[in-house]
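Everything below concerns the one structure shown next.
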Amino acid sequence: MTEKFTLIFATNNANKVQEIKSVLGNNFEIISLKEAGIDIEIPEPYDTLKENATEKSSVIFRLTNKNCFSEDTGLEVEALHGEPGVKSARYANEYPKFESNIEKLLYNLKDIKNRNAQFRTVISLIINKQEYFFEGICKGKIIDTPKGNEGFGYDPIFVPDGSNKTFAEMPIEEKNKFSHRKKAMQQLILFLSQNKTNFS
Ligand code: ITT
């Protein structure tokens with residue numbers, strides 16, 4: 001790995017691309033599906049983050065034959081037995097809309113005192129035709145009223161442990177101090193750095 005190492009990021013979520021690009025060092029380059037000129041909606045039919053991540057990376061690997069990765073993320077709420085979890089994007093209905101997902105979650109948590117939750121990200125990396133997984137978890141609490149305009153998804157109602165602000169009240173650099181996505185990505189970067197002689 002002498003030059004910049006390039007990976008396609010199999011996602012249609014522009015916020016994820018922005019966050020992941022913000023944690024990359026100089027040795028890596030990420031190309032989003034949009035930047036690669038790939039316009040495809042990949043179904044996420046499985047019951048686990050890991051299987052859905054595999055589905056997204058495998059579809060793009062079959063299409064491009066290039067090294068790539070994807071990630072699937074869920075918000076797991078303790079009092080709701082891990083829901084919305086793998087269904088986070090389409091919790092309220094089939095058509096993902098952040099506001100209605102938040103509304104449904106807050107409704108389901110009405111009068112419930114236990115507000116513990118965690119974001120969990122699973123990355124599937126396909127490199128030299130082999131698949132590797134990386135995971136990142138961020139624990140925190142769900143608040144009653146959305147706060148902040150940054151970020152996406154459930155960010156306005158999630159306060160990570162160690163902060164008194166929601167993710168939506170933080171610029172990306174601050175979210176990265178806590179973020180599930182950053183933790184998973186750091187592992188991927190470490191793995192690539194440690195194995196660089198094996199990959200091209
Ligand atoms: P791709 O599958 O194209 O990557 P997606 O938005 O469908 O993008 P997921 O399947 O991983 O992504 O869906 C996870 C949903 O969970 C996402 O739509 C958000 O609502 C929420 N989510 C994921 N990461 C989040 C984060 O860092 N902060 C807040 N909400 C998040």
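In the structure tokens, each chain is lettered A, B, ... as it comes, each chain's residues begin at 1, and ligands are numbered from 1 in order of appearance.
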
May I have all residues of region 99-141 of chain A that DSSP, computed from the backbone, assigns to strand (DSSP E or B), given as a PyMOL selection string? chain A and resi 116-127+130-141

Go ahead and save the picked residues with C-alpha atoms, as a PDB file, in the first residue's frame.
```
ATOM      1  CA  ASN A 116     -30.779   3.697  28.236  1.00  0.00           C
ATOM      2  CA  ALA A 117     -29.924   3.130  24.590  1.00  0.00           C
ATOM      3  CA  GLN A 118     -26.996   2.502  22.320  1.00  0.00           C
ATOM      4  CA  PHE A 119     -26.092   3.043  18.706  1.00  0.00           C
ATOM      5  CA  ARG A 120     -24.394   0.021  17.173  1.00  0.00           C
ATOM      6  CA  THR A 121     -22.578   0.054  13.837  1.00  0.00           C
ATOM      7  CA  VAL A 122     -21.440  -3.067  12.003  1.00  0.00           C
ATOM      8  CA  ILE A 123     -19.055  -2.615   9.083  1.00  0.00           C
ATOM      9  CA  SER A 124     -18.624  -5.279   6.405  1.00  0.00           C
ATOM     10  CA  LEU A 125     -15.370  -4.843   4.500  1.00  0.00           C
ATOM     11  CA  ILE A 126     -14.735  -6.858   1.342  1.00  0.00           C
ATOM     12  CA  ILE A 127     -11.109  -6.759   0.383  1.00  0.00           C
ATOM     13  CA  GLN A 130     -12.548 -11.765   1.672  1.00  0.00           C
ATOM     14  CA  GLU A 131     -15.033 -10.304   4.137  1.00  0.00           C
ATOM     15  CA  TYR A 132     -14.111  -8.797   7.530  1.00  0.00           C
ATOM     16  CA  PHE A 133     -16.377  -7.261  10.195  1.00  0.00           C
ATOM     17  CA  PHE A 134     -15.863  -4.357  12.599  1.00  0.00           C
ATOM     18  CA  GLU A 135     -18.227  -3.071  15.292  1.00  0.00           C
ATOM     19  CA  GLY A 136     -18.614   0.206  17.167  1.00  0.00           C
ATOM     20  CA  ILE A 137     -20.973   0.976  20.057  1.00  0.00           C
ATOM     21  CA  CYS A 138     -21.948   4.285  21.656  1.00  0.00           C
ATOM     22  CA  LYS A 139     -24.006   4.135  24.844  1.00  0.00           C
ATOM     23  CA  GLY A 140     -26.272   6.950  25.993  1.00  0.00           C
ATOM     24  CA  LYS A 141     -29.795   8.088  26.854  1.00  0.00           C
TER      25      LYS A 141
END
```

If you run DSSP on this backbone, which residues of region 63-185 of chain A come out as alpha helix (DSSP H), and could you give them as a list in words?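 These are the residues in question: Leu63, Thr64, Phe98, Glu99, Ser100, Asn101, Ile102, Glu103, Lys104, Leu105, Leu106, Tyr107, Asn108, Ile172, Glu173, Glu174, Lys175, His180, Arg181, Lys182, Lys183, Ala184 and Met185 of chain A.
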
Selection from above, C-alpha atoms, as an mmCIF file, in the first residue's frame, can you write it?
```cif
data_model
loop_
_atom_site.group_PDB
_atom_site.id
_atom_site.type_symbol
_atom_site.label_atom_id
_atom_site.label_comp_id
_atom_site.auth_asym_id
_atom_site.auth_seq_id
_atom_site.Cartn_x
_atom_site.Cartn_y
_atom_site.Cartn_z
ATOM 1 C CA LEU A 63 -21.192 -4.969 -9.398
ATOM 2 C CA THR A 64 -17.721 -3.389 -9.353
ATOM 3 C CA PHE A 98 -36.423 10.935 10.516
ATOM 4 C CA GLU A 99 -39.185 12.974 12.191
ATOM 5 C CA SER A 100 -41.796 10.205 12.187
ATOM 6 C CA ASN A 101 -39.270 7.634 13.462
ATOM 7 C CA ILE A 102 -38.419 9.945 16.382
ATOM 8 C CA GLU A 103 -42.108 10.585 17.063
ATOM 9 C CA LYS A 104 -42.862 6.861 17.203
ATOM 10 C CA LEU A 105 -39.886 6.141 19.459
ATOM 11 C CA LEU A 106 -40.812 8.903 21.913
ATOM 12 C CA TYR A 107 -44.423 7.675 21.941
ATOM 13 C CA ASN A 108 -43.285 4.129 22.736
ATOM 14 C CA ILE A 172 -19.204 16.289 13.478
ATOM 15 C CA GLU A 173 -15.806 16.585 15.194
ATOM 16 C CA GLU A 174 -17.513 16.517 18.598
ATOM 17 C CA LYS A 175 -19.872 13.649 17.657
ATOM 18 C CA HIS A 180 -20.274 4.288 17.162
ATOM 19 C CA ARG A 181 -19.445 4.899 13.479
ATOM 20 C CA LYS A 182 -16.047 6.411 14.274
ATOM 21 C CA LYS A 183 -15.181 3.517 16.637
ATOM 22 C CA ALA A 184 -16.017 0.917 13.969
ATOM 23 C CA MET A 185 -14.133 2.880 11.316
#
```

Any idea what the distance is between atom 25 (C, counted along the ligand's line) of ligand 1 and CA of Asp39 (chain A)?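 Distance between the two atoms: 21.7 Å.
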
Within 9 Å of ligand 1, counting only C-alpha atoms and all ligand atoms: which residues, as a PyMOL selection string? chain A and resi 9-17+19+41-44+49+52-53+56+70-75+84-91+96-98+101-102+119-122+151-158+167-168+175+179-181

Enter the distance from CA of Asp47 (chain A) to CA of Leu109 (chain A), in Å, rounded to one decimal.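 CA of Leu109 (chain A) lies 22.3 Å from CA of Asp47 (chain A).
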
Find the residues near Lys129 (chain A): any atom within 10 Å, counting only C-alpha atoms, skip ones fewer than 5 places away on the same chain, and give them as number ranges by chain. A: 58, 61-62, 65-68

Quick one: pull the distance between CA of Lys113 (chain A) and CA of Ile142 (chain A), Å, one decimal.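 Those two atoms sit 10.2 Å apart.
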
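The nearest approach to Lys177 (chain A) among the residues A:Thr54, A:Thr145, A:Ser22, A:Asn198, with only C-alpha atoms taken into account, belongs to A:Ser22.
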
A:Pro45, A:Pro146, A:Pro171, A:Gly37: which is nearest Gln18 (chain A), counting only C-alpha atoms?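 Closest to Gln18 (chain A) of all the choices is A:Pro171.
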
Selection near Gly162 (chain A), 9 Å with only C-alpha atoms, sequence-local residues under 2 positions removed, as number ranges by chain: A: 140, 159-160, 164, 178

Quick one: everything within 12 Å of Gly25 (chain A), counting only C-alpha atoms, minus sequence neighbours fewer than 5 positions away in the same chain. Send it as a PyMOL selection string. chain A and resi 4-5+20+30+185-186+188-190+192-193

Which of A:Lys147, A:Glu55, A:Lys110, A:Gln187 sits closest to Met170 (chain A) [using only C-alpha atoms]: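 Comparing A:Lys147, A:Glu55, A:Lys110, A:Gln187 against Met170 (chain A), the winner is A:Lys147.
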